[in-house]
Amino acid sequence: MTISIIVSIAASLMGKPRFANATAGSALVINTGSTRHVSLTDTVPPDEVMAIIKTVIHSTDNFNIEAVARLYTPNAVVADDEPPYSWNGPTAGIQWVNAVEQSCKDNHLTKLKGTIEAVNVFQQSADNVYIVVPVSYTGNLADRTRFVAKGAFTFVLRMINGSWLIKSQVWMPKKGM
């Protein structure tokens, strides 16, 4: 949601466009002489976007490929640190869930669970969303060692025929940041 506000600013503020923080989001300040236009963007993703992201992240809790089957665009790309590292097309999500399941089997990892942390980066236009979602994955290894992997997913979603679909999904492990 975007709200435009016209704010009169004294000419002493140098007249350059500036970025500023606002309580509910971020502000883009555009200079138009002695009057500035401020566009506040809500940093809280809409429920319909978060529902898709939650479905994807929690699909690896039980390797539910049916849950992600219709969530990706025809030209979607998913990238992760599990071989073969990228998957393409409308079944990219299914391929990714299957790869995560295989990795868990290969590494004797059980009870994998994804936990979504606070979202701080979210941008939306009429038909595009960009969001960074911090996630912690936990589980149990065969030797009873606790598995923990922290990182973030970046998602780009596109509005196609009235529905949000995932155009890209990229995992960045914390150690890579």
# chains A, B, ... in the order shown; residues from 1 in each chain; ligands from 1

call {"tool": "select_by_dssp", "arguments": {"residues": "stretch 12-173 of chain A", "states": "helix (DSSP H, G or I)", "output": "count of residues only"}}
result
37

call {"tool": "closest_atom_pairs", "arguments": {"of": "stretch 55-80 of chain A", "to": "stretch 90-98 of chain A", "cutoff": "8 Å", "atoms": "only C-alpha atoms", "output": "CSV"}}
result
residue,atom,partner,partner_atom,distance
A:Val56,CA,A:Gly93,CA,7.8
A:Ser59,CA,A:Val97,CA,7.1
A:Thr60,CA,A:Val97,CA,6.1
A:Phe63,CA,A:Val97,CA,6.0
A:Asn64,CA,A:Val97,CA,7.4
A:Ile65,CA,A:Ile94,CA,5.2
A:Glu66,CA,A:Ile94,CA,7.8
A:Val68,CA,A:Gly93,CA,5.9
A:Ala69,CA,A:Ile94,CA,6.1
A:Arg70,CA,A:Pro90,CA,7.5
A:Leu71,CA,A:Gly93,CA,7.6
A:Tyr72,CA,A:Pro90,CA,5.1
A:Thr73,CA,A:Pro90,CA,5.4
A:Pro74,CA,A:Pro90,CA,4.4
A:Asn75,CA,A:Pro90,CA,6.4
A:Ala76,CA,A:Pro90,CA,6.1
A:Val77,CA,A:Ala92,CA,6.5
A:Val78,CA,A:Ala92,CA,6.1

call {"tool": "write_last_selection", "arguments": {"atoms": "N, CA and C atoms", "output": "mmCIF file, in the first residue's frame"}}
result
data_model
loop_
_atom_site.group_PDB
_atom_site.id
_atom_site.type_symbol
_atom_site.label_atom_id
_atom_site.label_comp_id
_atom_site.auth_asym_id
_atom_site.auth_seq_id
_atom_site.Cartn_x
_atom_site.Cartn_y
_atom_site.Cartn_z
ATOM 1 N N VAL A 56 5.726 -22.086 0.998
ATOM 2 C CA VAL A 56 6.991 -22.546 0.426
ATOM 3 C C VAL A 56 7.955 -22.972 1.533
ATOM 4 N N SER A 59 6.846 -26.026 3.339
ATOM 5 C CA SER A 59 6.708 -27.233 2.513
ATOM 6 C C SER A 59 7.849 -28.209 2.753
ATOM 7 N N THR A 60 8.989 -27.702 3.219
ATOM 8 C CA THR A 60 10.119 -28.595 3.501
ATOM 9 C C THR A 60 10.005 -29.261 4.875
ATOM 10 N N PHE A 63 8.005 -32.111 3.254
ATOM 11 C CA PHE A 63 8.286 -32.365 1.835
ATOM 12 C C PHE A 63 7.003 -32.453 1.016
ATOM 13 N N ASN A 64 6.161 -31.449 1.198
ATOM 14 C CA ASN A 64 4.854 -31.397 0.569
ATOM 15 C C ASN A 64 4.941 -30.724 -0.798
ATOM 16 N N ILE A 65 5.159 -31.520 -1.843
ATOM 17 C CA ILE A 65 5.286 -30.951 -3.186
ATOM 18 C C ILE A 65 3.941 -30.453 -3.727
ATOM 19 N N GLU A 66 2.853 -31.034 -3.270
ATOM 20 C CA GLU A 66 1.542 -30.575 -3.721
ATOM 21 C C GLU A 66 1.288 -29.138 -3.279
ATOM 22 N N VAL A 68 3.324 -26.660 -3.157
ATOM 23 C CA VAL A 68 4.021 -25.669 -3.978
ATOM 24 C C VAL A 68 3.754 -25.840 -5.474
ATOM 25 N N ALA A 69 2.988 -26.817 -5.853
ATOM 26 C CA ALA A 69 2.818 -27.190 -7.263
ATOM 27 C C ALA A 69 2.328 -26.062 -8.164
ATOM 28 N N ARG A 70 1.516 -25.167 -7.664
ATOM 29 C CA ARG A 70 0.939 -24.124 -8.513
ATOM 30 C C ARG A 70 1.359 -22.718 -8.086
ATOM 31 N N LEU A 71 2.511 -22.605 -7.439
ATOM 32 C CA LEU A 71 2.935 -21.308 -6.904
ATOM 33 C C LEU A 71 3.991 -20.580 -7.738
ATOM 34 N N TYR A 72 4.451 -21.189 -8.830
ATOM 35 C CA TYR A 72 5.580 -20.625 -9.581
ATOM 36 C C TYR A 72 5.167 -20.236 -11.000
ATOM 37 N N THR A 73 5.812 -19.181 -11.525
ATOM 38 C CA THR A 73 5.555 -18.728 -12.896
ATOM 39 C C THR A 73 6.123 -19.745 -13.885
ATOM 40 N N PRO A 74 5.697 -19.687 -15.140
ATOM 41 C CA PRO A 74 6.237 -20.604 -16.148
ATOM 42 C C PRO A 74 7.752 -20.476 -16.346
ATOM 43 N N ASN A 75 8.313 -19.312 -16.048
ATOM 44 C CA ASN A 75 9.751 -19.105 -16.216
ATOM 45 C C ASN A 75 10.459 -18.881 -14.875
ATOM 46 N N ALA A 76 9.937 -19.464 -13.818
ATOM 47 C CA ALA A 76 10.497 -19.296 -12.477
ATOM 48 C C ALA A 76 11.913 -19.860 -12.377
ATOM 49 N N VAL A 77 12.669 -19.288 -11.437
ATOM 50 C CA VAL A 77 14.008 -19.771 -11.124
ATOM 51 C C VAL A 77 14.111 -19.888 -9.608
ATOM 52 N N VAL A 78 14.593 -21.027 -9.141
ATOM 53 C CA VAL A 78 14.865 -21.248 -7.724
ATOM 54 C C VAL A 78 16.345 -21.591 -7.608
#

call {"tool": "residues_around", "arguments": {"residues": "A:Ala152", "least_positions_apart": "2", "cutoff": "12 Å", "atoms": "only C-alpha atoms", "output": "ChimeraX atom specification"}}
result
/A:53,57,79-81,114-121,131-137,149-150,154-155,169-177

call {"tool": "residues_around", "arguments": {"residues": "A:Lys111", "least_positions_apart": "2", "cutoff": "9 Å", "atoms": "only C-alpha atoms", "output": "list in words"}}
result
Asp61, Asn62, Leu109, Lys113, Thr138, Gly139, Asn140 and Leu141 of chain A

call {"tool": "residues_around", "arguments": {"residues": "A:Val49", "least_positions_apart": "2", "cutoff": "10 Å", "atoms": "only C-alpha atoms", "output": "ChimeraX atom specification"}}
result
/A:45-47,51-54,129,131,157,163-166

call {"tool": "write_last_selection", "arguments": {"atoms": "C-alpha atoms", "output": "PDB file, in the first residue's frame"}}
result
ATOM      1  CA  PRO A  45       3.802  -7.641   3.413  1.00  0.00           C
ATOM      2  CA  PRO A  46       0.140  -8.348   2.662  1.00  0.00           C
ATOM      3  CA  ASP A  47      -1.305 -11.569   4.041  1.00  0.00           C
ATOM      4  CA  ALA A  51       0.692 -17.014   2.808  1.00  0.00           C
ATOM      5  CA  ILE A  52       2.585 -18.048  -0.342  1.00  0.00           C
ATOM      6  CA  ILE A  53       5.973 -17.582   1.312  1.00  0.00           C
ATOM      7  CA  LYS A  54       4.916 -19.508   4.420  1.00  0.00           C
ATOM      8  CA  VAL A 129       6.811  -7.892  -5.066  1.00  0.00           C
ATOM      9  CA  ILE A 131      10.863  -9.447  -0.310  1.00  0.00           C
ATOM     10  CA  LEU A 157       6.522 -12.480  -7.010  1.00  0.00           C
ATOM     11  CA  SER A 163      -2.745 -14.332  -8.505  1.00  0.00           C
ATOM     12  CA  TRP A 164       0.692 -13.818  -6.997  1.00  0.00           C
ATOM     13  CA  LEU A 165       3.199 -16.356  -8.355  1.00  0.00           C
ATOM     14  CA  ILE A 166       6.881 -16.791  -7.542  1.00  0.00           C
TER      15      ILE A 166
END

call {"tool": "select_by_dssp", "arguments": {"residues": "stretch 66-149 of chain A", "states": "strand (DSSP E or B)", "output": "JSON, numbers by chain"}}
result
{"A": [72, 73, 74, 75, 76, 77, 78, 79, 86, 87, 88, 109, 110, 111, 112, 113, 114, 115, 116, 121, 122, 123, 124, 128, 129, 130, 131, 132, 133, 134, 135, 136, 137, 138, 139, 140, 141, 146, 147, 148, 149]}

call {"tool": "closest_residue", "arguments": {"among": "A:Thr55, A:Ala67, A:Met50, A:Glu82", "to": "A:Asn107", "atoms": "only C-alpha atoms"}}
result
A:Glu82

call {"tool": "atom_distance", "arguments": {"atom1": "atom CA of A:Pro83", "atom2": "atom CA of A:Ala99"}}
result
7.2 Å
